[in-house]
Amino acid sequence: MKLYFKYAAILLKSQMQYKASFFMTMIGQFLVSFSVFLGLYFMFQRFPSVEGFTYSEVLLCFAVMLTAFSLAECFVRGFDMFSVIISNGEFDRMMVRPQNAVLQVLASRIEFTRVGRLLQAIVVFVYAVPKSGVLWTWDKILTVLFMITGGFFVFSGLFVIYASFCFFTTEGLEFMNILTDGGREFGKFPFSIYGEKVLKFFTYIVPLALFQYYPFLYLIGRSDSLFHMLLPLLSILFLVPANLFWKFGLRHYKSTGS
Amino acid sequence: MKKYFSFFKIRFIHGLQYRAAAYAGIATQFAWGGLTLLMFAAFYKTGASSFPMTFPELSSYIWLQQAFLALFMTWYFDNDIMNSIVTGNIAYELCRPIDLYVMWFLKNMAVRSSRAVLRCFPVLIIAFCLPEPFNMSLPKTFSSGFLFLLSVIMGFMVLTAFNMLVYITMFYTVSPMGIRILAVSLLEFLTGAIIPIPFFPEGLKKVLLLLPFGSMQNTPFLIYNGYLSGPEIGQGLLLQTGWLLGLTVLGYLYMKKALLRTTVQGG
C-alpha cells in the first residue's frame with residue numbers, strides 16, 4: 001500500500017510537468033461529461049419524464065454512475081492500458097520484480113486528470129440532491145454510498161476482465177467498451193427503460209443494474225425492500241470471477257518478446 | 001497530383017488490413033446503436049408529440065451514424081501526426097517535396113474511409129433486416145439517396161478540415177493531449193453525436209446549423225432520412241461547400257504561419 005502511494009506521488013509529479021496540458025485535459029474531461037449532461041438536459045426540456053422517472057431522479061442516477069466510473073477509471077486505469085503493457089514487453093519486466101503484478105499494473109498508470117470528470121459528478125450531485133425530493137435520512141445516504149462503492153468495484157472488475165483478454169489476444173477488445181464506456185453512457189438512465197431483456201442482462205450477467213437500478217428504486221422511494229438497498233454490496237462479488245479470469249489468463253501468458 | 005493519389009492509396013490499403021478489429025467493432029456498434037434506439041423509444045413512449053422526427057426517421061439516423069462512425073468519429077486523431085510533432089520527426093516530413101497540409105489531409109481521409117468501408121456494409125445490411133420500427137429504411141427518393149452520398153463526402157471533408165486546425169494548434173502546445181480532448185468534447189456534442197441536432201432547443205439548433213458543426217454528420221443523415229427536403233437540401237449542401245472551402249483555406253494559411261516559427265527541439 002505504501003508502495004502504491006509512492007507510485008502515485010511520482011505519477012502525479014510527472015503529470016504535472018506539462019501543467020497547461022494537464023489542466024486542459026482536466027477541463028476537457030469535465031466538458032466531455034458536461035456535454036453528456038447537456039444532452040440529458042435538452043432531452044428533458046422536450047419530455048417531462050421517461051418511463052415515470054423525472055429529470056431530477058435521472059440526474060441522481062447519472063451522478064452516481066459518473067462518480068463510480070470516474071473513481072474506477074482514475075485508479076484502475078492501468079488495466080485499461082494493459083494491451084500496451086503486454087505488447088511492449090513491459091509486463092515481462094513486471095513479472096521479474098519481487099512485487100505483486102496486480103499492484104504494479106495498477107500503479108503503472110493513474111490518471112489524475114479524471115478528477116475533471118469526478119468534479120462534474122460532484123456538481124451534478126450538488127444540483128440533484130436538493131431537487132430530487134428524496135428525504136435524506138441516514139439509510140438513503142448509506143444507499144448512495146453503497147451504490148458508489150458497488151459501482152467502483154464492478155467497473156474495476158470489468159477493467160480487469162478487459163485486461164485479462166489481452167493475455168490471449170494482445171490487442172484490447174473493442175466490444176468490452178460497450179460494458180465499460182457503454183455502462184457509463186447508458187447507465188445515466190435507470191436500466192429498466194431499455195426494456196426487460198436489457199435489465200436482465202445487466203442483472204445476471206454483468207451486474208451493472210445491481211448497484212444502479214435496484215438500490216435506485218429504494219433511494220427514490222419506489223421500493224421499501226432492504227434487500228434492494230443491500231444489492232450493491234452483492235455486486236462487489238463480481239470481483240471474484242474477474243480475479244479468477246485474471247489468474248487464468250496469467251497462467252496462459254506467453255511473452256510477446258521485446 | 002499523382003504522388004498524393006498514390007499516398008492515399010497506400011494508406012487506404014494499409015487500413016483495410018485490420019479486418020478482425022473491424023468485426024469486433026461492428027458488434028460493439030450494434031449494441032451501441034441498439035441501446036441508443038431503446039433509450040429514444042422510452043422517450044417516444046412518454047411523449048411522441050414532442051419528437052422532432054418520426055421514429056423510423058430516427059432509426060435510419062442512428063444506424064447511419066453507426067455505419068459511418070469511422071468517417072465522423074470525433075475522438076480519432078492520427079497518432080503518427082501527433083507523435084511527429086512531439087518527437088520532432090516532422091523535420092523529415094518537411095524535407096520532402098510535398099505539401100504537408102495536403103498530405104496530412106489525405107492521410108486522415110484514407111484512414112477514416114478505409115475503416116468506414118470495412119464496417120459500413122455489415123452494419124447497414126443487418127440494420128435493414130431488423131423488425132420495424134427499429135430498422136433502417138431506404139431513402140425516400142432516388143435523388144435524395146444520391147444527394148446523401150454527395151453530402152456524406154462533403155461532411156467528411158469538413159470534419160477533416162476542422163481536425164487539421166486542431167493538429168496545427170498542436171504546434172503551439174507541445175503536449176497534444178489537452179487540446180485534443182477539448183476538441184473532442186466540443187465536436188462530440190455540437191455535431192450531434194450525443195443527441196441528434198434536431199433534438200436541441202430551437203435557438204441553439206439554428207445557430208449550430210449555420211456553424212461548421214451542423215455541416216458534418218448532421219446534413220447527410222438528415223437528407224437520407226427525409227427530415228430535410230427540397231430547397232433545404234440545396235441549402236445544406238451549399239453551406240457544406242462554403243465551410244469546406246473556408247476551413248481548408250484557413251487551415252492552409254494557419255499551417256504556413258505555424259511552420260514559419262516552428263523550432264524542432266533536438267534531433
# chains A, B, ... in the order shown; residues from 1 in each chain; ligands from 1
>>> select_by_dssp(residues="region 23-220 of chain B", states="helix (DSSP H, G or I)", output="PDB file with C-alpha atoms, in the first residue's frame")
ATOM      1  CA  TYR B  23     -15.587  -7.228 -36.981  1.00  0.00           C
ATOM      2  CA  ALA B  24     -15.188  -6.807 -33.242  1.00  0.00           C
ATOM      3  CA  GLY B  25     -16.026  -3.154 -33.755  1.00  0.00           C
ATOM      4  CA  ILE B  26     -19.197  -3.963 -35.643  1.00  0.00           C
ATOM      5  CA  ALA B  27     -20.544  -5.973 -32.705  1.00  0.00           C
ATOM      6  CA  THR B  28     -19.900  -3.027 -30.421  1.00  0.00           C
ATOM      7  CA  GLN B  29     -21.601  -0.640 -32.771  1.00  0.00           C
ATOM      8  CA  PHE B  30     -24.659  -2.833 -32.900  1.00  0.00           C
ATOM      9  CA  ALA B  31     -25.015  -2.950 -29.170  1.00  0.00           C
ATOM     10  CA  TRP B  32     -24.430   0.800 -29.004  1.00  0.00           C
ATOM     11  CA  GLY B  33     -26.919   1.678 -31.715  1.00  0.00           C
ATOM     12  CA  GLY B  34     -29.492  -0.719 -30.289  1.00  0.00           C
ATOM     13  CA  LEU B  35     -29.288   0.701 -26.786  1.00  0.00           C
ATOM     14  CA  THR B  36     -29.478   4.248 -28.141  1.00  0.00           C
ATOM     15  CA  LEU B  37     -32.637   3.388 -30.040  1.00  0.00           C
ATOM     16  CA  LEU B  38     -34.173   1.698 -26.980  1.00  0.00           C
ATOM     17  CA  MET B  39     -33.441   4.838 -24.992  1.00  0.00           C
ATOM     18  CA  PHE B  40     -35.156   7.035 -27.561  1.00  0.00           C
ATOM     19  CA  ALA B  41     -38.020   4.550 -27.695  1.00  0.00           C
ATOM     20  CA  ALA B  42     -38.576   5.063 -23.978  1.00  0.00           C
ATOM     21  CA  PHE B  43     -38.809   8.817 -24.553  1.00  0.00           C
ATOM     22  CA  TYR B  44     -41.050   8.220 -27.534  1.00  0.00           C
ATOM     23  CA  LYS B  45     -43.471   6.281 -25.355  1.00  0.00           C
ATOM     24  CA  THR B  46     -43.751   9.184 -22.898  1.00  0.00           C
ATOM     25  CA  ALA B  48     -44.464  11.067 -29.036  1.00  0.00           C
ATOM     26  CA  SER B  49     -45.786  14.531 -29.870  1.00  0.00           C
ATOM     27  CA  SER B  50     -42.607  16.299 -28.734  1.00  0.00           C
ATOM     28  CA  PHE B  55     -39.390   7.099 -35.139  1.00  0.00           C
ATOM     29  CA  PRO B  56     -38.446   5.335 -38.404  1.00  0.00           C
ATOM     30  CA  GLU B  57     -36.585   8.503 -39.401  1.00  0.00           C
ATOM     31  CA  LEU B  58     -34.684   8.384 -36.147  1.00  0.00           C
ATOM     32  CA  SER B  59     -33.864   4.699 -36.656  1.00  0.00           C
ATOM     33  CA  SER B  60     -32.349   5.463 -40.036  1.00  0.00           C
ATOM     34  CA  TYR B  61     -30.372   8.304 -38.499  1.00  0.00           C
ATOM     35  CA  ILE B  62     -28.942   6.198 -35.685  1.00  0.00           C
ATOM     36  CA  TRP B  63     -27.964   3.295 -37.933  1.00  0.00           C
ATOM     37  CA  LEU B  64     -26.329   5.604 -40.449  1.00  0.00           C
ATOM     38  CA  GLN B  65     -24.449   7.116 -37.580  1.00  0.00           C
ATOM     39  CA  GLN B  66     -23.198   3.705 -36.515  1.00  0.00           C
ATOM     40  CA  ALA B  67     -22.431   2.569 -40.051  1.00  0.00           C
ATOM     41  CA  LEU B  69     -18.979   6.085 -37.408  1.00  0.00           C
ATOM     42  CA  ALA B  70     -15.436   5.793 -38.736  1.00  0.00           C
ATOM     43  CA  LEU B  71     -15.966   8.761 -41.034  1.00  0.00           C
ATOM     44  CA  PHE B  72     -17.305  11.040 -38.352  1.00  0.00           C
ATOM     45  CA  ASN B  79      -1.078   9.229 -33.626  1.00  0.00           C
ATOM     46  CA  ASP B  80       1.648   9.395 -36.267  1.00  0.00           C
ATOM     47  CA  ILE B  81       0.948  13.047 -36.867  1.00  0.00           C
ATOM     48  CA  MET B  82       0.786  13.898 -33.176  1.00  0.00           C
ATOM     49  CA  ASN B  83       3.971  11.964 -32.451  1.00  0.00           C
ATOM     50  CA  SER B  84       5.783  13.605 -35.322  1.00  0.00           C
ATOM     51  CA  ILE B  85       5.071  16.944 -33.699  1.00  0.00           C
ATOM     52  CA  VAL B  86       6.042  15.805 -30.206  1.00  0.00           C
ATOM     53  CA  THR B  87       9.182  13.886 -31.164  1.00  0.00           C
ATOM     54  CA  ILE B  90       8.218  16.320 -38.501  1.00  0.00           C
ATOM     55  CA  ALA B  91      11.614  17.618 -39.622  1.00  0.00           C
ATOM     56  CA  TYR B  92      11.860  14.679 -42.035  1.00  0.00           C
ATOM     57  CA  GLU B  93       8.447  15.318 -43.464  1.00  0.00           C
ATOM     58  CA  LEU B  94       9.298  18.935 -44.050  1.00  0.00           C
ATOM     59  CA  CYS B  95      12.291  17.885 -46.157  1.00  0.00           C
ATOM     60  CA  LEU B 100       2.342  18.904 -45.612  1.00  0.00           C
ATOM     61  CA  TYR B 101      -1.214  20.169 -45.400  1.00  0.00           C
ATOM     62  CA  VAL B 102      -2.411  18.130 -48.349  1.00  0.00           C
ATOM     63  CA  MET B 103      -0.573  15.052 -47.143  1.00  0.00           C
ATOM     64  CA  TRP B 104      -1.985  15.135 -43.631  1.00  0.00           C
ATOM     65  CA  PHE B 105      -5.428  15.836 -45.006  1.00  0.00           C
ATOM     66  CA  LEU B 106      -5.225  12.801 -47.265  1.00  0.00           C
ATOM     67  CA  LYS B 107      -3.774  10.626 -44.532  1.00  0.00           C
ATOM     68  CA  ASN B 108      -6.707  11.370 -42.259  1.00  0.00           C
ATOM     69  CA  MET B 109      -9.190  10.755 -45.016  1.00  0.00           C
ATOM     70  CA  ALA B 110      -7.541   7.477 -46.010  1.00  0.00           C
ATOM     71  CA  VAL B 111      -7.552   6.027 -42.509  1.00  0.00           C
ATOM     72  CA  ARG B 112     -11.115   7.033 -41.798  1.00  0.00           C
ATOM     73  CA  SER B 113     -12.551   5.953 -45.138  1.00  0.00           C
ATOM     74  CA  SER B 114     -10.809   2.574 -45.121  1.00  0.00           C
ATOM     75  CA  ARG B 115     -12.274   1.855 -41.698  1.00  0.00           C
ATOM     76  CA  ALA B 116     -15.688   3.002 -42.814  1.00  0.00           C
ATOM     77  CA  VAL B 117     -15.620   0.786 -45.908  1.00  0.00           C
ATOM     78  CA  LEU B 118     -14.831  -2.246 -43.766  1.00  0.00           C
ATOM     79  CA  ARG B 119     -17.564  -1.515 -41.287  1.00  0.00           C
ATOM     80  CA  CYS B 120     -20.471   0.136 -43.013  1.00  0.00           C
ATOM     81  CA  PHE B 121     -21.856  -2.706 -45.142  1.00  0.00           C
ATOM     82  CA  PRO B 122     -22.404  -5.334 -42.416  1.00  0.00           C
ATOM     83  CA  VAL B 123     -23.987  -2.716 -40.184  1.00  0.00           C
ATOM     84  CA  LEU B 124     -26.263  -1.425 -42.935  1.00  0.00           C
ATOM     85  CA  ILE B 125     -27.317  -4.890 -44.121  1.00  0.00           C
ATOM     86  CA  ILE B 126     -28.255  -6.111 -40.664  1.00  0.00           C
ATOM     87  CA  ALA B 127     -29.936  -2.801 -39.838  1.00  0.00           C
ATOM     88  CA  PHE B 128     -32.181  -3.192 -42.886  1.00  0.00           C
ATOM     89  CA  CYS B 129     -33.314  -6.614 -41.646  1.00  0.00           C
ATOM     90  CA  PHE B 142     -33.560   8.101 -55.696  1.00  0.00           C
ATOM     91  CA  SER B 143     -32.276  11.667 -55.818  1.00  0.00           C
ATOM     92  CA  SER B 144     -32.171  12.022 -52.044  1.00  0.00           C
ATOM     93  CA  GLY B 145     -30.067   8.849 -51.927  1.00  0.00           C
ATOM     94  CA  PHE B 146     -27.680  10.360 -54.432  1.00  0.00           C
ATOM     95  CA  LEU B 147     -27.537  13.700 -52.639  1.00  0.00           C
ATOM     96  CA  PHE B 148     -26.890  11.824 -49.413  1.00  0.00           C
ATOM     97  CA  LEU B 149     -23.760  10.241 -50.906  1.00  0.00           C
ATOM     98  CA  LEU B 150     -22.557  13.619 -52.090  1.00  0.00           C
ATOM     99  CA  SER B 151     -23.272  15.160 -48.715  1.00  0.00           C
ATOM    100  CA  VAL B 152     -21.526  12.371 -46.762  1.00  0.00           C
ATOM    101  CA  ILE B 153     -18.315  13.030 -48.651  1.00  0.00           C
ATOM    102  CA  MET B 154     -18.629  16.762 -48.111  1.00  0.00           C
ATOM    103  CA  GLY B 155     -19.394  16.417 -44.416  1.00  0.00           C
ATOM    104  CA  PHE B 156     -16.499  14.037 -44.010  1.00  0.00           C
ATOM    105  CA  MET B 157     -14.156  16.568 -45.606  1.00  0.00           C
ATOM    106  CA  VAL B 158     -15.492  19.417 -43.470  1.00  0.00           C
ATOM    107  CA  LEU B 159     -14.697  17.370 -40.366  1.00  0.00           C
ATOM    108  CA  THR B 160     -11.213  16.553 -41.660  1.00  0.00           C
ATOM    109  CA  ALA B 161     -10.574  20.214 -42.423  1.00  0.00           C
ATOM    110  CA  PHE B 162     -11.673  21.082 -38.898  1.00  0.00           C
ATOM    111  CA  ASN B 163      -9.360  18.443 -37.451  1.00  0.00           C
ATOM    112  CA  MET B 164      -6.478  19.884 -39.432  1.00  0.00           C
ATOM    113  CA  LEU B 165      -6.894  23.095 -37.450  1.00  0.00           C
ATOM    114  CA  VAL B 166      -6.565  21.030 -34.277  1.00  0.00           C
ATOM    115  CA  TYR B 167      -3.365  19.369 -35.495  1.00  0.00           C
ATOM    116  CA  ILE B 168      -1.853  22.693 -36.398  1.00  0.00           C
ATOM    117  CA  THR B 169      -2.707  24.117 -32.991  1.00  0.00           C
ATOM    118  CA  MET B 170      -0.601  21.306 -31.519  1.00  0.00           C
ATOM    119  CA  PHE B 171       2.476  23.032 -32.953  1.00  0.00           C
ATOM    120  CA  TYR B 172       1.974  25.654 -30.296  1.00  0.00           C
ATOM    121  CA  THR B 173       1.240  23.467 -27.266  1.00  0.00           C
ATOM    122  CA  MET B 177      -3.438  15.656 -25.103  1.00  0.00           C
ATOM    123  CA  GLY B 178      -5.125  18.750 -23.746  1.00  0.00           C
ATOM    124  CA  ILE B 179      -6.088  20.418 -26.992  1.00  0.00           C
ATOM    125  CA  ARG B 180      -7.182  17.078 -28.341  1.00  0.00           C
ATOM    126  CA  ILE B 181      -9.655  16.312 -25.610  1.00  0.00           C
ATOM    127  CA  LEU B 182     -11.059  19.838 -25.774  1.00  0.00           C
ATOM    128  CA  ALA B 183     -11.667  19.433 -29.483  1.00  0.00           C
ATOM    129  CA  VAL B 184     -13.220  16.014 -28.995  1.00  0.00           C
ATOM    130  CA  SER B 185     -15.684  17.143 -26.360  1.00  0.00           C
ATOM    131  CA  LEU B 186     -16.722  20.165 -28.408  1.00  0.00           C
ATOM    132  CA  LEU B 187     -17.190  18.156 -31.594  1.00  0.00           C
ATOM    133  CA  GLU B 188     -18.909  15.262 -29.872  1.00  0.00           C
ATOM    134  CA  PHE B 189     -21.637  17.485 -28.554  1.00  0.00           C
ATOM    135  CA  LEU B 190     -22.045  20.096 -31.266  1.00  0.00           C
ATOM    136  CA  ILE B 197     -29.179  18.179 -33.622  1.00  0.00           C
ATOM    137  CA  PRO B 198     -32.984  18.266 -34.267  1.00  0.00           C
ATOM    138  CA  PHE B 199     -33.413  17.340 -30.573  1.00  0.00           C
ATOM    139  CA  GLU B 202     -34.787  25.784 -31.210  1.00  0.00           C
ATOM    140  CA  GLY B 203     -32.410  28.725 -30.714  1.00  0.00           C
ATOM    141  CA  LEU B 204     -29.270  26.673 -30.341  1.00  0.00           C
ATOM    142  CA  LYS B 205     -30.303  24.460 -33.225  1.00  0.00           C
ATOM    143  CA  LYS B 206     -30.499  27.415 -35.617  1.00  0.00           C
ATOM    144  CA  VAL B 207     -27.032  28.632 -34.635  1.00  0.00           C
ATOM    145  CA  LEU B 208     -25.465  25.174 -34.869  1.00  0.00           C
ATOM    146  CA  LEU B 209     -26.853  24.538 -38.320  1.00  0.00           C
ATOM    147  CA  LEU B 210     -25.058  27.635 -39.601  1.00  0.00           C
ATOM    148  CA  PRO B 212     -19.440  24.048 -39.442  1.00  0.00           C
ATOM    149  CA  PHE B 213     -20.651  21.593 -36.800  1.00  0.00           C
ATOM    150  CA  GLY B 214     -24.030  21.305 -38.481  1.00  0.00           C
ATOM    151  CA  SER B 215     -22.337  20.580 -41.802  1.00  0.00           C
ATOM    152  CA  ASN B 218     -25.927  16.199 -39.437  1.00  0.00           C
ATOM    153  CA  THR B 219     -26.640  17.265 -43.012  1.00  0.00           C
ATOM    154  CA  PRO B 220     -26.095  13.945 -44.858  1.00  0.00           C
TER     155      PRO B 220
END
>>> interface_residues(of="chain A", to="chain B", cutoff="7 Å", atoms="only C-alpha atoms", output="list in words")
Ser21, Phe22, Met24, Thr25, Gly28, Leu31, Val32, Ser35, Gly39, Phe42, Arg46, Phe47, Ser49, Val50, Glu51, Glu174, Phe175, Ile178, Ile193 and Tyr194 of chain A
>>> closest_residue(among="A:Phe168, A:Tyr55, A:Phe202, A:Phe34", to="Gly133 (chain A)", atoms="only C-alpha atoms")
A:Tyr55
>>> closest_residue(among="A:Gln120, A:Ser108, A:Thr169, A:Thr137", to="Leu12 (chain A)", atoms="only C-alpha atoms")
A:Ser108
>>> residues_around(residues="Leu234 (chain A)", least_positions_apart="3", cutoff="12 Å", atoms="only C-alpha atoms", output="list in words")
Phe146, Met147, Thr149, Gly150, Gly151, Phe153, Val154, Thr203, Tyr204, Pro207, Leu208, Ala209, Leu210, Phe211, Tyr214, Pro215, Phe227, His228, Met229, Leu230, Leu231, Leu237, Phe238, Leu239 and Val240 of chain A
>>> closest_residue(among="A:Leu103, A:Val36, A:Pro232, A:Arg77", to="Lys6 (chain A)", atoms="only C-alpha atoms")
A:Leu103
>>> residues_around(residues="Ser255 (chain A)", least_positions_apart="4", cutoff="10 Å", atoms="only C-alpha atoms", output="list of chain:residue names")
A:Ile86, A:Ser87, A:Asn88, A:Gly89, A:Glu90, A:Phe91, A:Asp92, A:Phe167, A:Thr170
>>> write_last_selection(atoms="N, CA and C atoms", output="mmCIF file, in the first residue's frame")
data_model
loop_
_atom_site.group_PDB
_atom_site.id
_atom_site.type_symbol
_atom_site.label_atom_id
_atom_site.label_comp_id
_atom_site.auth_asym_id
_atom_site.auth_seq_id
_atom_site.Cartn_x
_atom_site.Cartn_y
_atom_site.Cartn_z
ATOM 1 N N ILE A 86 1.506 -5.179 -22.293
ATOM 2 C CA ILE A 86 1.861 -6.515 -22.797
ATOM 3 C C ILE A 86 2.643 -6.405 -24.096
ATOM 4 N N SER A 87 2.161 -5.563 -25.012
ATOM 5 C CA SER A 87 2.756 -5.612 -26.337
ATOM 6 C C SER A 87 4.142 -4.989 -26.373
ATOM 7 N N ASN A 88 4.470 -4.087 -25.451
ATOM 8 C CA ASN A 88 5.846 -3.581 -25.487
ATOM 9 C C ASN A 88 6.768 -4.326 -24.535
ATOM 10 N N GLY A 89 6.263 -5.429 -23.967
ATOM 11 C CA GLY A 89 7.135 -6.285 -23.170
ATOM 12 C C GLY A 89 7.357 -5.794 -21.754
ATOM 13 N N GLU A 90 6.644 -4.723 -21.384
ATOM 14 C CA GLU A 90 6.848 -4.185 -20.042
ATOM 15 C C GLU A 90 6.370 -5.167 -18.974
ATOM 16 N N PHE A 91 5.387 -5.989 -19.365
ATOM 17 C CA PHE A 91 4.831 -6.920 -18.380
ATOM 18 C C PHE A 91 5.886 -7.940 -17.947
ATOM 19 N N ASP A 92 6.767 -8.342 -18.870
ATOM 20 C CA ASP A 92 7.841 -9.269 -18.517
ATOM 21 C C ASP A 92 8.718 -8.683 -17.418
ATOM 22 N N PHE A 167 -4.256 -11.136 -22.438
ATOM 23 C CA PHE A 167 -3.334 -12.268 -22.338
ATOM 24 C C PHE A 167 -3.483 -13.171 -23.555
ATOM 25 N N THR A 170 -3.562 -10.072 -27.069
ATOM 26 C CA THR A 170 -2.600 -8.974 -27.140
ATOM 27 C C THR A 170 -3.262 -7.611 -27.345
#
>>> closest_residue(among="B:Leu239, B:Met1, B:Leu245, B:Met53", to="Asn225 (chain B)", atoms="only C-alpha atoms")
B:Met53
>>> residues_around(residues="Leu59 (chain A)", least_positions_apart="2", cutoff="10 Å", atoms="only C-alpha atoms", output="NGL selection string")
:A and (37 or 40-41 or 53-57 or 61-65 or 121 or 124-125 or 127-129 or 131-132 or 188-189)
>>> write_last_selection(atoms="N, CA and C atoms", output="CSV table (one decimal), in the first residue's frame")
chain,number,residue,atom,x,y,z
A,37,PHE,N,-24.2,15.7,-19.9
A,37,PHE,CA,-25.2,16.3,-19.0
A,37,PHE,C,-26.2,17.2,-19.8
A,40,LEU,N,-28.6,15.3,-21.7
A,40,LEU,CA,-29.7,14.9,-20.9
A,40,LEU,C,-30.7,16.0,-20.6
A,41,TYR,N,-30.1,17.2,-20.4
A,41,TYR,CA,-30.9,18.4,-20.1
A,41,TYR,C,-31.9,18.7,-21.2
A,53,PHE,N,-39.7,8.2,-14.6
A,53,PHE,CA,-38.6,8.8,-13.9
A,53,PHE,C,-38.5,10.3,-14.3
A,54,THR,N,-38.5,11.1,-13.2
A,54,THR,CA,-38.4,12.5,-13.6
A,54,THR,C,-36.9,12.9,-13.8
A,55,TYR,N,-36.8,14.2,-14.3
A,55,TYR,CA,-35.5,14.7,-14.6
A,55,TYR,C,-34.5,14.6,-13.4
A,56,SER,N,-34.9,15.1,-12.3
A,56,SER,CA,-34.0,15.2,-11.1
A,56,SER,C,-33.7,13.8,-10.6
A,57,GLU,N,-34.6,12.9,-10.8
A,57,GLU,CA,-34.3,11.5,-10.4
A,57,GLU,C,-33.2,10.9,-11.3
A,61,CYS,N,-29.2,9.4,-10.6
A,61,CYS,CA,-28.7,8.2,-11.2
A,61,CYS,C,-27.4,8.4,-12.0
A,62,PHE,N,-27.5,9.5,-12.8
A,62,PHE,CA,-26.4,9.9,-13.6
A,62,PHE,C,-25.1,10.2,-12.8
A,63,ALA,N,-25.4,10.9,-11.7
A,63,ALA,CA,-24.3,11.4,-10.8
A,63,ALA,C,-23.6,10.2,-10.1
A,64,VAL,N,-24.4,9.2,-9.7
A,64,VAL,CA,-23.9,8.0,-9.0
A,64,VAL,C,-23.0,7.3,-10.0
A,65,MET,N,-23.5,7.1,-11.2
A,65,MET,CA,-22.8,6.3,-12.2
A,65,MET,C,-21.5,7.0,-12.6
A,121,ALA,N,-19.3,15.1,-11.7
A,121,ALA,CA,-20.2,14.3,-10.9
A,121,ALA,C,-20.6,15.0,-9.6
A,124,VAL,N,-23.1,17.7,-10.4
A,124,VAL,CA,-24.5,17.2,-10.6
A,124,VAL,C,-25.1,16.8,-9.3
A,125,PHE,N,-24.3,16.2,-8.4
A,125,PHE,CA,-24.8,15.8,-7.1
A,125,PHE,C,-25.4,17.0,-6.4
A,127,TYR,N,-26.4,19.7,-7.5
A,127,TYR,CA,-27.6,20.2,-8.1
A,127,TYR,C,-28.8,19.2,-7.9
A,128,ALA,N,-28.6,17.9,-7.9
A,128,ALA,CA,-29.7,17.0,-7.9
A,128,ALA,C,-30.1,16.6,-6.5
A,129,VAL,N,-29.2,16.6,-5.6
A,129,VAL,CA,-29.6,16.2,-4.2
A,129,VAL,C,-30.8,17.0,-3.6
A,131,LYS,N,-32.9,18.8,-5.3
A,131,LYS,CA,-34.0,18.9,-6.2
A,131,LYS,C,-34.8,17.5,-6.3
A,132,SER,N,-34.1,16.4,-5.9
A,132,SER,CA,-34.7,15.1,-6.2
A,132,SER,C,-35.9,14.8,-5.4
A,188,LYS,N,-26.8,6.4,-17.4
A,188,LYS,CA,-27.4,7.6,-16.8
A,188,LYS,C,-28.9,7.5,-16.6
A,189,PHE,N,-29.5,6.6,-17.4
A,189,PHE,CA,-30.9,6.3,-17.1
A,189,PHE,C,-31.0,5.0,-16.4
>>> closest_residue(among="A:Leu250, A:Val126, A:Ala242, A:Val84", to="Gly157 (chain A)", atoms="only C-alpha atoms")
A:Ala242
>>> select_by_dssp(residues="region 33-190 of chain A", states="strand (DSSP E)", output="list of chain:residue names")
A:Ser49, A:Val50, A:Phe53, A:Thr54
